[in-house]
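Student: As input, take query_25.cif (mmCIF, C-alpha atoms):
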```
data_coords
loop_
_atom_site.group_PDB
_atom_site.id
_atom_site.type_symbol
_atom_site.label_atom_id
_atom_site.label_comp_id
_atom_site.auth_asym_id
_atom_site.auth_seq_id
_atom_site.Cartn_x
_atom_site.Cartn_y
_atom_site.Cartn_z
ATOM 1 C CA MET F 1 163.854 -130.717 209.323
ATOM 2 C CA SER F 2 165.462 -132.080 206.156
ATOM 3 C CA VAL F 3 163.880 -132.108 202.707
ATOM 4 C CA LEU F 4 163.625 -135.902 202.870
ATOM 5 C CA THR F 5 161.999 -135.946 206.317
ATOM 6 C CA ARG F 6 159.386 -133.451 205.220
ATOM 7 C CA ALA F 7 158.749 -135.371 202.011
ATOM 8 C CA LEU F 8 157.989 -138.783 203.492
ATOM 9 C CA ASP F 9 156.441 -137.841 206.833
ATOM 10 C CA THR F 10 152.854 -137.415 205.653
ATOM 11 C CA PRO F 11 149.643 -138.932 207.047
ATOM 12 C CA GLU F 12 148.651 -140.137 203.580
ATOM 13 C CA LEU F 13 151.884 -142.086 203.076
ATOM 14 C CA ARG F 14 151.763 -143.557 206.593
ATOM 15 C CA GLU F 15 148.199 -144.752 206.012
ATOM 16 C CA LEU F 16 149.127 -146.282 202.661
ATOM 17 C CA LEU F 17 152.157 -148.070 204.105
ATOM 18 C CA ASP F 18 150.137 -149.401 207.058
ATOM 19 C CA ARG F 19 147.599 -150.893 204.633
ATOM 20 C CA LEU F 20 150.305 -152.388 202.437
ATOM 21 C CA SER F 21 152.155 -153.857 205.422
ATOM 22 C CA GLU F 22 148.965 -155.480 206.680
ATOM 23 C CA LYS F 23 148.259 -156.924 203.243
ATOM 24 C CA ALA F 24 151.821 -158.208 202.921
ATOM 25 C CA ALA F 25 151.460 -160.056 206.224
ATOM 26 C CA ALA F 26 148.030 -161.438 205.267
ATOM 27 C CA ASP F 27 149.232 -162.599 201.829
ATOM 28 C CA TYR F 28 152.473 -164.170 203.054
ATOM 29 C CA TYR F 29 153.410 -167.464 201.423
ATOM 30 C CA ASN F 30 156.381 -169.802 201.657
ATOM 31 C CA PRO F 31 158.084 -169.552 198.252
ATOM 32 C CA TYR F 32 160.133 -172.660 198.919
ATOM 33 C CA ARG F 33 156.926 -174.709 198.999
ATOM 34 C CA THR F 34 154.739 -172.739 196.602
ATOM 35 C CA PHE F 35 155.985 -173.862 193.186
ATOM 36 C CA ASP F 36 156.183 -177.151 191.358
ATOM 37 C CA TRP F 37 159.574 -177.466 189.681
ATOM 38 C CA PRO F 38 159.378 -180.225 187.042
ATOM 39 C CA GLU F 39 162.645 -181.608 185.755
ATOM 40 C CA SER F 40 162.126 -179.819 182.451
ATOM 41 C CA LEU F 41 159.654 -177.617 180.592
ATOM 42 C CA PRO F 42 158.306 -178.377 177.093
ATOM 43 C CA THR F 43 160.603 -177.209 174.316
ATOM 44 C CA ASP F 44 157.970 -177.535 171.573
ATOM 45 C CA GLN F 45 156.002 -174.503 172.702
ATOM 46 C CA LEU F 46 156.616 -170.863 173.581
ATOM 47 C CA TRP F 47 157.782 -169.846 177.032
ATOM 48 C CA MET F 48 156.295 -166.347 176.729
ATOM 49 C CA PRO F 49 153.545 -164.786 174.588
ATOM 50 C CA PRO F 50 154.768 -164.218 171.021
ATOM 51 C CA ASP F 51 154.259 -160.447 171.147
ATOM 52 C CA LEU F 52 156.667 -160.236 174.107
ATOM 53 C CA LEU F 53 159.515 -161.629 172.014
ATOM 54 C CA SER F 54 162.055 -159.041 170.895
ATOM 55 C CA VAL F 55 161.562 -159.992 167.227
ATOM 56 C CA HIS F 56 157.769 -159.761 167.160
ATOM 57 C CA GLY F 57 156.287 -157.754 164.289
ATOM 58 C CA THR F 58 159.575 -157.427 162.418
ATOM 59 C CA PRO F 59 160.888 -158.899 159.148
ATOM 60 C CA ASP F 60 163.601 -160.660 161.148
ATOM 61 C CA GLY F 61 160.975 -162.317 163.296
ATOM 62 C CA ALA F 62 158.913 -163.387 160.288
ATOM 63 C CA ALA F 63 161.994 -165.068 158.798
ATOM 64 C CA LEU F 64 162.518 -167.356 161.796
ATOM 65 C CA SER F 65 161.355 -170.956 161.794
ATOM 66 C CA GLU F 66 158.963 -172.260 164.423
ATOM 67 C CA GLU F 67 161.840 -174.121 166.033
ATOM 68 C CA GLN F 68 163.920 -170.931 166.223
ATOM 69 C CA LEU F 69 160.996 -169.036 167.762
ATOM 70 C CA TYR F 70 160.549 -171.729 170.402
ATOM 71 C CA ALA F 71 164.260 -171.599 171.185
ATOM 72 C CA LEU F 72 164.299 -167.805 171.278
ATOM 73 C CA SER F 73 161.322 -167.771 173.649
ATOM 74 C CA ARG F 74 163.231 -170.074 176.008
ATOM 75 C CA TRP F 75 166.332 -167.937 176.058
ATOM 76 C CA GLU F 76 164.511 -164.615 176.214
ATOM 77 C CA SER F 77 162.556 -166.064 179.109
ATOM 78 C CA ILE F 78 165.838 -166.905 180.847
ATOM 79 C CA ASN F 79 167.077 -163.400 180.039
ATOM 80 C CA PHE F 80 163.939 -161.869 181.556
ATOM 81 C CA TYR F 81 164.368 -163.778 184.823
ATOM 82 C CA SER F 82 168.111 -163.024 184.800
ATOM 83 C CA LEU F 83 167.330 -159.313 184.552
ATOM 84 C CA ASN F 84 165.084 -159.753 187.570
ATOM 85 C CA VAL F 85 167.833 -161.445 189.555
ATOM 86 C CA HIS F 86 170.269 -158.605 188.877
ATOM 87 C CA GLY F 87 167.708 -155.845 189.293
ATOM 88 C CA ILE F 88 166.451 -157.245 192.580
ATOM 89 C CA ARG F 89 169.971 -157.625 193.946
ATOM 90 C CA GLU F 90 170.706 -153.973 193.264
ATOM 91 C CA LEU F 91 167.415 -152.653 194.627
ATOM 92 C CA LEU F 92 167.894 -154.726 197.791
ATOM 93 C CA ILE F 93 171.275 -153.083 198.310
ATOM 94 C CA GLU F 94 169.799 -149.606 197.904
ATOM 95 C CA VAL F 95 166.710 -150.130 200.061
ATOM 96 C CA THR F 96 168.755 -151.831 202.790
ATOM 97 C CA ARG F 97 171.053 -148.794 202.860
ATOM 98 C CA ARG F 98 168.042 -146.611 203.635
ATOM 99 C CA ILE F 99 165.967 -148.683 206.047
ATOM 100 C CA HIS F 100 165.801 -146.982 209.476
ATOM 101 C CA ARG F 101 167.942 -144.156 208.145
ATOM 102 C CA PRO F 102 166.915 -140.619 209.152
ATOM 103 C CA GLY F 103 164.112 -139.530 206.849
ATOM 104 C CA PHE F 104 162.997 -143.083 206.077
ATOM 105 C CA GLY F 105 161.371 -143.793 209.427
ATOM 106 C CA PRO F 106 157.811 -143.792 208.019
ATOM 107 C CA THR F 107 158.750 -146.306 205.311
ATOM 108 C CA SER F 108 160.946 -148.699 207.278
ATOM 109 C CA GLU F 109 158.231 -151.063 208.514
ATOM 110 C CA PHE F 110 157.068 -151.653 204.952
ATOM 111 C CA PHE F 111 160.672 -151.892 203.769
ATOM 112 C CA HIS F 112 161.075 -154.970 205.981
ATOM 113 C CA HIS F 113 158.281 -156.678 204.026
ATOM 114 C CA PHE F 114 159.727 -155.380 200.754
ATOM 115 C CA ILE F 115 163.227 -156.710 201.472
ATOM 116 C CA GLY F 116 161.928 -160.122 202.548
ATOM 117 C CA GLU F 117 159.706 -160.493 199.503
ATOM 118 C CA GLU F 118 162.323 -159.303 197.034
ATOM 119 C CA ASN F 119 164.892 -161.710 198.438
ATOM 120 C CA GLU F 120 162.408 -164.543 197.849
ATOM 121 C CA HIS F 121 161.676 -163.279 194.334
ATOM 122 C CA MET F 122 165.388 -163.311 193.532
ATOM 123 C CA TRP F 123 165.572 -166.924 194.762
ATOM 124 C CA PHE F 124 162.755 -168.257 192.592
ATOM 125 C CA PHE F 125 163.868 -166.341 189.498
ATOM 126 C CA ALA F 126 167.412 -167.662 189.932
ATOM 127 C CA ARG F 127 166.084 -171.179 190.458
ATOM 128 C CA PHE F 128 164.097 -170.966 187.217
ATOM 129 C CA CYS F 129 167.163 -169.770 185.271
ATOM 130 C CA LEU F 130 169.489 -172.430 186.636
ATOM 131 C CA ARG F 131 167.015 -175.298 186.434
ATOM 132 C CA TYR F 132 165.679 -174.631 182.939
ATOM 133 C CA GLY F 133 168.483 -172.622 181.330
ATOM 134 C CA GLY F 134 171.536 -173.882 183.157
ATOM 135 C CA LYS F 135 172.753 -170.330 183.726
ATOM 136 C CA ILE F 136 171.946 -166.771 184.675
ATOM 137 C CA TYR F 137 172.866 -164.313 181.933
ATOM 138 C CA PRO F 138 175.532 -161.831 183.133
ATOM 139 C CA ASP F 139 174.479 -158.375 184.239
ATOM 140 C CA ARG F 140 175.475 -155.881 181.560
ATOM 141 C CA SER F 141 173.346 -152.974 182.750
ATOM 142 C CA LEU F 142 174.244 -150.049 184.956
ATOM 143 C CA ALA F 143 173.884 -150.784 188.661
ATOM 144 C CA LEU F 144 171.062 -149.015 190.462
ATOM 145 C CA GLY F 145 173.467 -147.447 192.896
ATOM 146 C CA GLN F 146 176.109 -146.289 190.428
ATOM 147 C CA GLU F 147 177.190 -142.774 191.314
ATOM 148 C CA SER F 148 177.341 -139.950 188.809
ATOM 149 C CA GLU F 149 177.489 -136.196 188.842
ATOM 150 C CA THR F 150 173.713 -136.177 189.275
ATOM 151 C CA THR F 151 173.791 -138.028 192.615
ATOM 152 C CA ALA F 152 176.156 -135.866 194.669
ATOM 153 C CA ASP F 153 173.119 -134.421 196.472
ATOM 154 C CA PRO F 154 171.653 -137.097 198.823
ATOM 155 C CA ALA F 155 168.103 -135.938 198.099
ATOM 156 C CA VAL F 156 168.727 -136.364 194.376
ATOM 157 C CA ALA F 157 170.318 -139.779 194.946
ATOM 158 C CA ASP F 158 167.277 -140.918 196.949
ATOM 159 C CA PHE F 159 164.893 -139.778 194.221
ATOM 160 C CA LEU F 160 166.881 -141.485 191.453
ATOM 161 C CA VAL F 161 167.144 -144.759 193.365
ATOM 162 C CA PHE F 162 163.395 -144.999 193.915
ATOM 163 C CA ALA F 163 162.597 -143.772 190.409
ATOM 164 C CA ARG F 164 164.796 -146.527 188.970
ATOM 165 C CA ILE F 165 163.244 -149.150 191.229
ATOM 166 C CA LEU F 166 159.748 -148.072 190.191
ATOM 167 C CA ILE F 167 160.560 -148.077 186.468
ATOM 168 C CA PHE F 168 162.169 -151.517 186.754
ATOM 169 C CA GLU F 169 159.202 -152.933 188.663
ATOM 170 C CA GLN F 170 156.576 -151.498 186.327
ATOM 171 C CA ILE F 171 158.288 -152.899 183.242
ATOM 172 C CA VAL F 172 158.656 -156.317 184.856
ATOM 173 C CA ASP F 173 155.044 -156.258 186.019
ATOM 174 C CA TYR F 174 153.814 -155.719 182.460
ATOM 175 C CA TYR F 175 155.494 -158.984 181.475
ATOM 176 C CA ASN F 176 154.332 -160.726 184.661
ATOM 177 C CA MET F 177 150.674 -159.919 184.044
ATOM 178 C CA ARG F 178 150.804 -161.055 180.426
ATOM 179 C CA MET F 179 152.533 -164.338 181.225
ATOM 180 C CA ALA F 180 150.405 -165.115 184.275
ATOM 181 C CA ALA F 181 147.243 -164.789 182.184
ATOM 182 C CA ASP F 182 148.445 -166.774 179.146
ATOM 183 C CA GLU F 183 146.924 -170.255 179.395
ATOM 184 C CA SER F 184 149.159 -171.573 176.618
ATOM 185 C CA LEU F 185 152.233 -171.297 178.837
ATOM 186 C CA ALA F 186 153.521 -174.035 181.129
ATOM 187 C CA PRO F 187 151.966 -173.947 184.630
ATOM 188 C CA THR F 188 155.308 -173.214 186.314
ATOM 189 C CA ILE F 189 155.858 -170.167 184.121
ATOM 190 C CA ARG F 190 152.381 -168.863 184.837
ATOM 191 C CA ALA F 191 152.732 -169.482 188.575
ATOM 192 C CA VAL F 192 156.073 -167.684 188.912
ATOM 193 C CA ASN F 193 154.723 -164.643 187.107
ATOM 194 C CA ARG F 194 151.401 -164.660 188.971
ATOM 195 C CA VAL F 195 153.037 -164.768 192.398
ATOM 196 C CA HIS F 196 155.533 -162.070 191.493
ATOM 197 C CA HIS F 197 152.765 -159.783 190.220
ATOM 198 C CA GLN F 198 150.838 -160.264 193.465
ATOM 199 C CA ASP F 199 153.727 -158.864 195.498
ATOM 200 C CA GLU F 200 154.785 -156.256 192.964
ATOM 201 C CA SER F 201 151.365 -154.631 193.007
ATOM 202 C CA ARG F 202 152.100 -153.565 196.597
ATOM 203 C CA HIS F 203 155.653 -152.515 195.823
ATOM 204 C CA ILE F 204 154.527 -150.395 192.887
ATOM 205 C CA ALA F 205 151.805 -148.706 194.954
ATOM 206 C CA CYS F 206 154.393 -147.804 197.594
ATOM 207 C CA GLY F 207 157.083 -146.828 195.103
ATOM 208 C CA SER F 208 154.790 -144.593 193.065
ATOM 209 C CA ARG F 209 153.913 -142.519 196.104
ATOM 210 C CA ILE F 210 157.501 -142.306 197.364
ATOM 211 C CA VAL F 211 158.804 -141.199 193.963
ATOM 212 C CA GLU F 212 156.091 -138.559 193.638
ATOM 213 C CA LEU F 213 156.786 -137.163 197.114
ATOM 214 C CA LEU F 214 160.552 -137.087 196.568
ATOM 215 C CA TRP F 215 160.087 -135.288 193.244
ATOM 216 C CA ARG F 216 157.796 -132.703 194.825
ATOM 217 C CA ALA F 217 160.410 -132.134 197.523
ATOM 218 C CA LEU F 218 163.091 -131.544 194.892
ATOM 219 C CA GLU F 219 160.844 -129.083 193.045
ATOM 220 C CA GLU F 220 160.267 -127.174 196.295
ATOM 221 C CA SER F 221 163.901 -127.282 197.426
ATOM 222 C CA GLY F 222 165.143 -124.550 195.126
ATOM 223 C CA LYS F 223 166.446 -126.732 192.302
ATOM 224 C CA THR F 224 166.785 -124.755 189.108
ATOM 225 C CA ALA F 225 164.864 -125.620 185.962
ATOM 226 C CA GLU F 226 168.146 -126.774 184.434
ATOM 227 C CA GLN F 227 168.836 -129.120 187.359
ATOM 228 C CA LEU F 228 165.354 -130.609 187.144
ATOM 229 C CA ASP F 229 165.718 -131.084 183.394
ATOM 230 C CA GLU F 230 168.981 -132.926 184.028
ATOM 231 C CA LEU F 231 167.101 -135.342 186.281
ATOM 232 C CA ARG F 232 164.385 -135.766 183.656
ATOM 233 C CA ALA F 233 167.038 -136.652 181.082
ATOM 234 C CA TYR F 234 168.538 -139.181 183.498
ATOM 235 C CA VAL F 235 165.160 -140.849 183.986
ATOM 236 C CA ARG F 236 164.570 -141.014 180.225
ATOM 237 C CA ARG F 237 167.994 -142.605 179.679
ATOM 238 C CA TYR F 238 167.377 -145.178 182.368
ATOM 239 C CA THR F 239 163.970 -146.065 180.925
ATOM 240 C CA THR F 240 165.469 -146.532 177.465
ATOM 241 C CA THR F 241 168.314 -148.663 178.803
ATOM 242 C CA SER F 242 165.881 -150.831 180.766
ATOM 243 C CA ILE F 243 163.901 -151.651 177.624
ATOM 244 C CA GLU F 244 167.025 -152.266 175.571
ATOM 245 C CA ASN F 245 168.161 -154.916 178.069
ATOM 246 C CA PHE F 246 165.471 -157.186 176.604
ATOM 247 C CA TYR F 247 167.485 -157.316 173.346
ATOM 248 C CA ASN F 248 170.309 -159.610 174.397
ATOM 249 C CA PRO F 249 172.640 -160.857 171.615
ATOM 250 C CA ALA F 250 173.473 -163.860 173.809
ATOM 251 C CA CYS F 251 169.851 -164.999 173.481
ATOM 252 C CA TYR F 252 170.079 -164.860 169.696
ATOM 253 C CA ARG F 253 173.321 -166.838 169.797
ATOM 254 C CA ASP F 254 171.832 -169.475 172.101
ATOM 255 C CA ALA F 255 168.808 -169.763 169.791
ATOM 256 C CA ASN F 256 171.175 -170.334 166.834
ATOM 257 C CA ILE F 257 170.249 -167.039 165.200
ATOM 258 C CA PRO F 258 173.335 -165.568 163.496
ATOM 259 C CA ASP F 259 174.801 -162.056 163.824
ATOM 260 C CA GLY F 260 173.143 -161.265 167.134
ATOM 261 C CA PHE F 261 174.641 -157.799 167.543
ATOM 262 C CA ALA F 262 173.547 -156.710 164.075
ATOM 263 C CA LEU F 263 170.110 -158.189 164.711
ATOM 264 C CA ARG F 264 169.842 -156.242 167.943
ATOM 265 C CA GLN F 265 170.531 -152.971 166.154
ATOM 266 C CA ARG F 266 167.962 -153.698 163.442
ATOM 267 C CA LEU F 267 165.322 -154.622 165.986
ATOM 268 C CA LEU F 268 165.867 -151.548 168.134
ATOM 269 C CA ALA F 269 165.412 -149.352 165.053
ATOM 270 C CA ASP F 270 162.303 -151.156 163.808
ATOM 271 C CA PRO F 271 159.059 -149.100 164.081
ATOM 272 C CA ALA F 272 157.159 -152.193 165.251
ATOM 273 C CA ARG F 273 159.470 -152.529 168.231
ATOM 274 C CA GLN F 274 159.184 -148.844 169.057
ATOM 275 C CA GLU F 275 155.412 -149.302 169.200
ATOM 276 C CA ALA F 276 155.890 -152.344 171.432
ATOM 277 C CA HIS F 277 158.039 -150.248 173.765
ATOM 278 C CA ARG F 278 155.283 -147.657 174.006
ATOM 279 C CA ARG F 279 152.847 -150.365 175.118
ATOM 280 C CA VAL F 280 155.231 -151.740 177.744
ATOM 281 C CA LEU F 281 155.991 -148.246 179.063
ATOM 282 C CA SER F 282 152.457 -146.876 178.888
ATOM 283 C CA ARG F 283 151.831 -147.017 182.650
ATOM 284 C CA THR F 284 155.327 -145.763 183.477
ATOM 285 C CA ASN F 285 155.171 -142.824 181.079
ATOM 286 C CA SER F 286 151.662 -141.905 182.227
ATOM 287 C CA PHE F 287 152.904 -141.753 185.821
ATOM 288 C CA LEU F 288 156.021 -139.769 184.919
ATOM 289 C CA ARG F 289 154.003 -137.234 182.921
ATOM 290 C CA ARG F 290 151.262 -136.947 185.528
ATOM 291 C CA THR F 291 153.779 -136.142 188.255
ATOM 292 C CA GLY F 292 155.702 -133.726 186.043
ATOM 293 C CA ILE F 293 158.879 -135.804 186.120
ATOM 294 C CA LEU F 294 158.682 -136.032 182.330
ATOM 295 C CA ALA F 295 156.762 -132.813 181.797
ATOM 296 C CA GLY F 296 156.449 -131.921 178.137
ATOM 297 C CA HIS F 297 157.441 -135.388 176.885
#
```
Translate this file's structure into C-alpha cells.
Tutor:
Amino acid sequence: MSVLTRALDTPELRELLDRLSEKAAADYYNPYRTFDWPESLPTDQLWMPPDLLSVHGTPDGAALSEEQLYALSRWESINFYSLNVHGIRELLIEVTRRIHRPGFGPTSEFFHHFIGEENEHMWFFARFCLRYGGKIYPDRSLALGQESETTADPAVADFLVFARILIFEQIVDYYNMRMAADESLAPTIRAVNRVHHQDESRHIACGSRIVELLWRALEESGKTAEQLDELRAYVRRYTTTSIENFYNPACYRDANIPDGFALRQRLLADPARQEAHRRVLSRTNSFLRRTGILAGH
C-alpha cells in the first residue's frame, strides 16, 4: 500500500467527505441565474472595504484623493477576481489530474462537486472582470503545477498541490467574508463574494484535512529533517508570493497613480502592510503551525 493510499483512506476523512458531498448537493444553485448583472456599478464609491486596499494605513494611501481611492478600489477589485480566475484554472487542472487516480479514491466523489463548483466560480469571476473592468489582468504568478526539484517525489508533489490550493482558498475567503458582509458595497459585489464563501467553506474543510493527512504521511515516510524543512520553506515562499500578488502595478497605472513599481516596493516594505498581511494570513498560519508544517515559525 502506497504512502498516499494509507494517508487518505481513513474513516474520519470518508465521513467528512460524505457530509460535504451531501451539503454540496443540498446547496446547489444555478450560477447562471443567481446574480443580477447591472450594466455598470457605481464609480463614486468603493468596490471593496478600505482596509483591503493595498495602500491602506500607509503614507502613500493617505496622499491619494477620494477619486483615486475609488478608482484604485475598482481596479484592485478586478485584480482580486482576476487572481481567482487564474488560481481556479490551475487548481482545476491539478485536481482533475488526480480524480479517480490510485490513492485518491476516497476523495473522488467530493472532487466531482469541487470541480463543478470551481468551474462555475471561474465563470462568474471572469464575467465580473469583463463586464465591469473590460479585461482580466494577466497571470504573473507561478502556476500551481509548476515542477521544481521539490516535486520529483509524487507524494511531495501531491502535498504541495493541496497545500497551495488551501493557502489560495483561505486568503481568498478572508476577502470574500469581508466583502460579503460590507453593506456599503454594491449588491452584486456582495452577492458574488457571499456565494463564493458559501462553497469555499466546504472546500477549505476538505482541503485542510487532506493537507494535514498528506503532511503526516510525509513525516512518517522517512523524510529527513532537511527535506521537511525544504518543504516548509517552499510553503512560506508560496504564501508570501500569494499575498504579494495583491500589489499589482497595473492597478496603480489604471487608477492614474504614477510610478506603480516603486509604489509597490514601498507598500510591501511598509509596517502597516505587514500587519495587514498577518491579519489576512492568521487562519492559514494558525493551521500551518498547528499541523507542524510551519513548526517553529
Student: Excluding same-chain residues fewer than 5 positions from Met177 in chain F, what lies within 9 Å of it counting all atoms listed in the file, as number ranges by chain?
Tutor: F: 172, 182, 193-194, 197
Student: Would you give me, as CSV, each residue of range 120-193 of chain F having an atom within 10 Å of an atom of range 51-70 of chain F, along with its shortest atom pair and that distance in Å to one decimal, using only C-alpha atoms and sorting by chain and residue number?
Tutor:
```
residue,atom,partner,partner_atom,distance
F:Tyr174,CA,F:Leu52,CA,9.9
F:Tyr175,CA,F:Leu52,CA,7.6
F:Arg178,CA,F:Leu52,CA,8.7
F:Met179,CA,F:Leu52,CA,9.2
```
Student: If the PyMOL selection byres ((chain F and resi 127) around 12) were run on this exact file, what residues would it hold? Put them as an MDAnalysis selection string.
Tutor: chainID F and resid 31:32 35:39 78 81:82 84:85 120:126 128:136 188 192
Student: Can I get the selection written as an mmCIF file, in the coordinates of the input, with C-alpha atoms?
Tutor:
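Below is the file that was written, out_20.cif:
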```cif
data_model
loop_
_atom_site.group_PDB
_atom_site.id
_atom_site.type_symbol
_atom_site.label_atom_id
_atom_site.label_comp_id
_atom_site.auth_asym_id
_atom_site.auth_seq_id
_atom_site.Cartn_x
_atom_site.Cartn_y
_atom_site.Cartn_z
ATOM 1 C CA PRO F 31 158.084 -169.552 198.252
ATOM 2 C CA TYR F 32 160.133 -172.660 198.919
ATOM 3 C CA PHE F 35 155.985 -173.862 193.186
ATOM 4 C CA ASP F 36 156.183 -177.151 191.358
ATOM 5 C CA TRP F 37 159.574 -177.466 189.681
ATOM 6 C CA PRO F 38 159.378 -180.225 187.042
ATOM 7 C CA GLU F 39 162.645 -181.608 185.755
ATOM 8 C CA ILE F 78 165.838 -166.905 180.847
ATOM 9 C CA TYR F 81 164.368 -163.778 184.823
ATOM 10 C CA SER F 82 168.111 -163.024 184.800
ATOM 11 C CA ASN F 84 165.084 -159.753 187.570
ATOM 12 C CA VAL F 85 167.833 -161.445 189.555
ATOM 13 C CA GLU F 120 162.408 -164.543 197.849
ATOM 14 C CA HIS F 121 161.676 -163.279 194.334
ATOM 15 C CA MET F 122 165.388 -163.311 193.532
ATOM 16 C CA TRP F 123 165.572 -166.924 194.762
ATOM 17 C CA PHE F 124 162.755 -168.257 192.592
ATOM 18 C CA PHE F 125 163.868 -166.341 189.498
ATOM 19 C CA ALA F 126 167.412 -167.662 189.932
ATOM 20 C CA PHE F 128 164.097 -170.966 187.217
ATOM 21 C CA CYS F 129 167.163 -169.770 185.271
ATOM 22 C CA LEU F 130 169.489 -172.430 186.636
ATOM 23 C CA ARG F 131 167.015 -175.298 186.434
ATOM 24 C CA TYR F 132 165.679 -174.631 182.939
ATOM 25 C CA GLY F 133 168.483 -172.622 181.330
ATOM 26 C CA GLY F 134 171.536 -173.882 183.157
ATOM 27 C CA LYS F 135 172.753 -170.330 183.726
ATOM 28 C CA ILE F 136 171.946 -166.771 184.675
ATOM 29 C CA THR F 188 155.308 -173.214 186.314
ATOM 30 C CA VAL F 192 156.073 -167.684 188.912
#
```
Student: For CA of Phe80 in chain F and CA of Asp139 in chain F, quote the distance in Å rounded to one decimal.
Tutor: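 Result for CA of Phe80 in chain F versus CA of Asp139 in chain F: 11.4 Å, one decimal.
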Student: Let me make sure I understand: among F:Thr284, F:Gln265, F:Asn256, F:Gln227, which one has the smallest atom-to-atom distance to Thr239 in chain F if we use only C-alpha atoms?
Tutor: F:Thr284
Student: Return as a list in words the set of residues that the PyMOL selection byres ((chain F and resi 199) around 10) yields on the displayed structure.
Tutor: Lys23, Ala24, Asp27, Tyr28, His113, Phe114, Glu117, Glu118, His121, Asp173, Arg194, Val195, His196, His197, Gln198, Glu200, Ser201, Arg202, His203 and Ile204 of chain F
Student: Using the chain letters and numbers from this file, what does the PyMOL selection byres ((chain F and resi 10) around 12) select? Give the answer as a list in words.
Tutor: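 When the PyMOL selection byres ((chain F and resi 10) around 12) is applied, the selected residues are Leu4, Thr5, Arg6, Ala7, Leu8, Asp9, Pro11, Glu12, Leu13, Arg14, Glu15, Leu16, Leu17, Gly103, Phe104, Gly105, Pro106, Thr107, Arg209, Ile210, Leu213 and Leu214 of chain F.
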Student: Can you work out the spacing between CA of Ala295 in chain F and CA of Arg236 in chain F in Å, to one decimal?
Tutor: 11.4 Å
Student: Expressed in Å to a single decimal, how great is the separation between CA of Ser21 in chain F and CA of His112 in chain F?
Tutor: 9.0 Å
Student: Have a look at F:Asp158, F:Asp270, F:Glu76, F:Glu230 and name the one nearest to Asn248 in chain F; count only C-alpha atoms.
Tutor: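 Among the listed residues, F:Glu76 lies closest to Asn248 in chain F.
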Student: Nearest to His86 in chain F: which of F:Ala262, F:Phe287, F:Ser221, F:Phe168 is it, counting all atoms listed in the file?
Tutor: F:Phe168
Student: Considering all atoms listed in the file, can you say which of F:Leu72, F:Ile115, F:Ile167, F:Ala157 comes closest to Ser282 in chain F?
Tutor: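 With all atoms listed in the file as the atom set, the closest residue is F:Ile167.
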Student: Set the distance at 9 Å and use all atoms listed in the file: which residues neighbour Ser208 in chain F once local chain neighbours fewer than 6 positions away are removed? I'd like the list as a PyMOL selection string.
Tutor: chain F and resi 162-163+166+287
Student: Just give me the residues with any atom within 12 Å of (163.5, -140.8, 183.2), file coordinates, counting all atoms listed in the file, written as number ranges by chain.
Tutor: F: 159-168, 211, 215, 228-242, 281, 284-289, 291-295, 297
